[in-house]
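Contents: one structure, followed by commentary.
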Amino acid sequence: MRTVSALDVRKKFGELLDEAAAGERLIIQRGGQPVAALVPLSDVAEHDPETIKKRRLAAIADIRRMARNDKRMTSDEIVELIRAGRRERLEHIMAATRTKK
């Protein structure tokens with residue numbers, strides 16, 4: 001995954017669009033911070049609303065199952081479990097943007 005500045009995107013949009021169409025994944029930065037991505041359309045297909053809904057429902061079912069299995073788990077602990085999963089996913093994404101420039 002390559003990182004480009006927002007200014008480069010403005011200057012070279014057509015070229016970057018061709019790269020994305022060819023399979024390249026680009027992270028767009030503004031002020032040195034990642035703010036968006038330009039990805040191939042095939043990547044978006046994995047994020048269609050039905051697939052996302054199914055994954056979310058499966059995650060909710062997993063959390064409910066864990067709460068039932070461990071009666072001592074409080075709602076605060078469940079919330080922290082969800083937040084930890086989100087942090088882990090964000091760290092994974094950020095690590096991918098740093099290592100594949």
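As shown in the structure tokens, the chain order sets the letters A, B, ...; within each chain, residues go from 1, and ligands are also counted from 1 in the order they appear.
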Would you return as a CSV table (one decimal) with C-alpha atoms, in the first residue's frame the members of chain A that DSSP assigns to alpha helix (DSSP H) on this structure's backbone?
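The file below, selection-v3.csv, is the result:
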```csv
chain,number,residue,atom,x,y,z
A,6,ALA,CA,-3.8,15.1,-1.0
A,7,LEU,CA,-1.9,17.5,-3.2
A,8,ASP,CA,-0.5,14.7,-5.3
A,9,VAL,CA,-4.0,13.3,-5.7
A,10,ARG,CA,-5.2,16.7,-7.0
A,11,LYS,CA,-2.3,16.8,-9.5
A,12,LYS,CA,-2.2,13.2,-10.6
A,13,PHE,CA,-5.7,11.9,-10.1
A,14,GLY,CA,-6.0,10.2,-13.5
A,15,GLU,CA,-2.7,8.4,-13.0
A,16,LEU,CA,-3.6,7.3,-9.5
A,17,LEU,CA,-7.0,6.2,-10.6
A,18,ASP,CA,-5.4,4.0,-13.3
A,19,GLU,CA,-3.1,2.5,-10.6
A,20,ALA,CA,-6.0,1.7,-8.4
A,21,ALA,CA,-7.9,0.2,-11.3
A,41,LEU,CA,-13.3,-1.7,-7.0
A,42,SER,CA,-12.8,-5.4,-6.2
A,43,ASP,CA,-11.9,-4.4,-2.7
A,44,VAL,CA,-15.2,-2.6,-2.2
A,45,ALA,CA,-17.1,-5.7,-3.2
A,49,PRO,CA,-23.9,-3.7,3.0
A,50,GLU,CA,-25.2,-7.3,3.3
A,51,THR,CA,-21.7,-8.7,4.0
A,52,ILE,CA,-21.1,-6.0,6.6
A,53,LYS,CA,-24.5,-6.7,8.2
A,54,LYS,CA,-23.7,-10.4,8.4
A,55,ARG,CA,-20.3,-9.8,10.1
A,56,ARG,CA,-21.9,-7.4,12.6
A,57,LEU,CA,-24.6,-9.8,13.5
A,58,ALA,CA,-22.0,-12.6,13.9
A,59,ALA,CA,-19.9,-10.3,16.2
A,60,ILE,CA,-23.0,-9.5,18.3
A,61,ALA,CA,-23.8,-13.2,18.6
A,62,ASP,CA,-20.2,-13.9,19.7
A,63,ILE,CA,-20.4,-11.2,22.4
A,64,ARG,CA,-23.7,-12.5,23.7
A,65,ARG,CA,-22.3,-16.0,23.8
A,66,MET,CA,-19.3,-14.8,25.7
A,67,ALA,CA,-21.5,-12.9,28.2
A,68,ARG,CA,-23.7,-16.0,28.7
A,69,ASN,CA,-20.7,-18.3,29.2
A,75,SER,CA,-21.6,-4.5,30.6
A,76,ASP,CA,-18.5,-2.3,31.0
A,77,GLU,CA,-16.3,-5.3,30.3
A,78,ILE,CA,-18.3,-6.1,27.2
A,79,VAL,CA,-18.0,-2.6,26.0
A,80,GLU,CA,-14.2,-2.7,26.6
A,81,LEU,CA,-14.0,-5.9,24.7
A,82,ILE,CA,-15.7,-4.3,21.7
A,83,ARG,CA,-13.4,-1.2,22.0
A,84,ALA,CA,-10.3,-3.4,22.2
A,85,GLY,CA,-11.4,-5.2,19.0
A,86,ARG,CA,-11.8,-1.9,17.2
A,87,ARG,CA,-8.4,-0.7,18.4
A,88,GLU,CA,-6.8,-3.9,17.2
A,89,ARG,CA,-8.4,-3.5,13.8
A,90,LEU,CA,-7.3,0.1,13.5
A,91,GLU,CA,-3.7,-0.8,14.5
A,92,HIS,CA,-3.7,-3.5,11.9
A,93,ILE,CA,-4.8,-1.1,9.2
A,94,MET,CA,-2.2,1.5,10.3
A,95,ALA,CA,0.6,-1.1,10.4
A,96,ALA,CA,-0.3,-2.1,6.8
A,97,THR,CA,-0.1,1.6,5.7
A,98,ARG,CA,3.3,2.0,7.3
A,99,THR,CA,4.9,-1.2,6.0
```
Pick out each residue of region 11-43 of chain A that DSSP on the backbone tags as strand (DSSP E); I need them as a PyMOL selection string. chain A and resi 26-30+33-38
Keeping only C-alpha atoms, take the residues you just selected and write them out as a compact mmCIF listing (two decimals), in the first residue's frame.
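And here is the file that came out, again25.txt:
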```txt
# COMPACT_ATOMS: atom_id res chain seq x y z
CA LEU A 26 -3.30 4.03 -2.06
CA ILE A 27 -3.56 5.78 1.30
CA ILE A 28 -4.20 9.51 0.98
CA GLN A 29 -2.67 11.75 3.62
CA ARG A 30 -3.48 15.31 4.56
CA GLN A 33 -2.22 11.95 8.64
CA PRO A 34 -4.01 9.19 6.69
CA VAL A 35 -7.53 10.38 5.84
CA ALA A 36 -8.77 8.23 2.95
CA ALA A 37 -7.96 5.40 0.61
CA LEU A 38 -8.18 4.83 -3.11
```
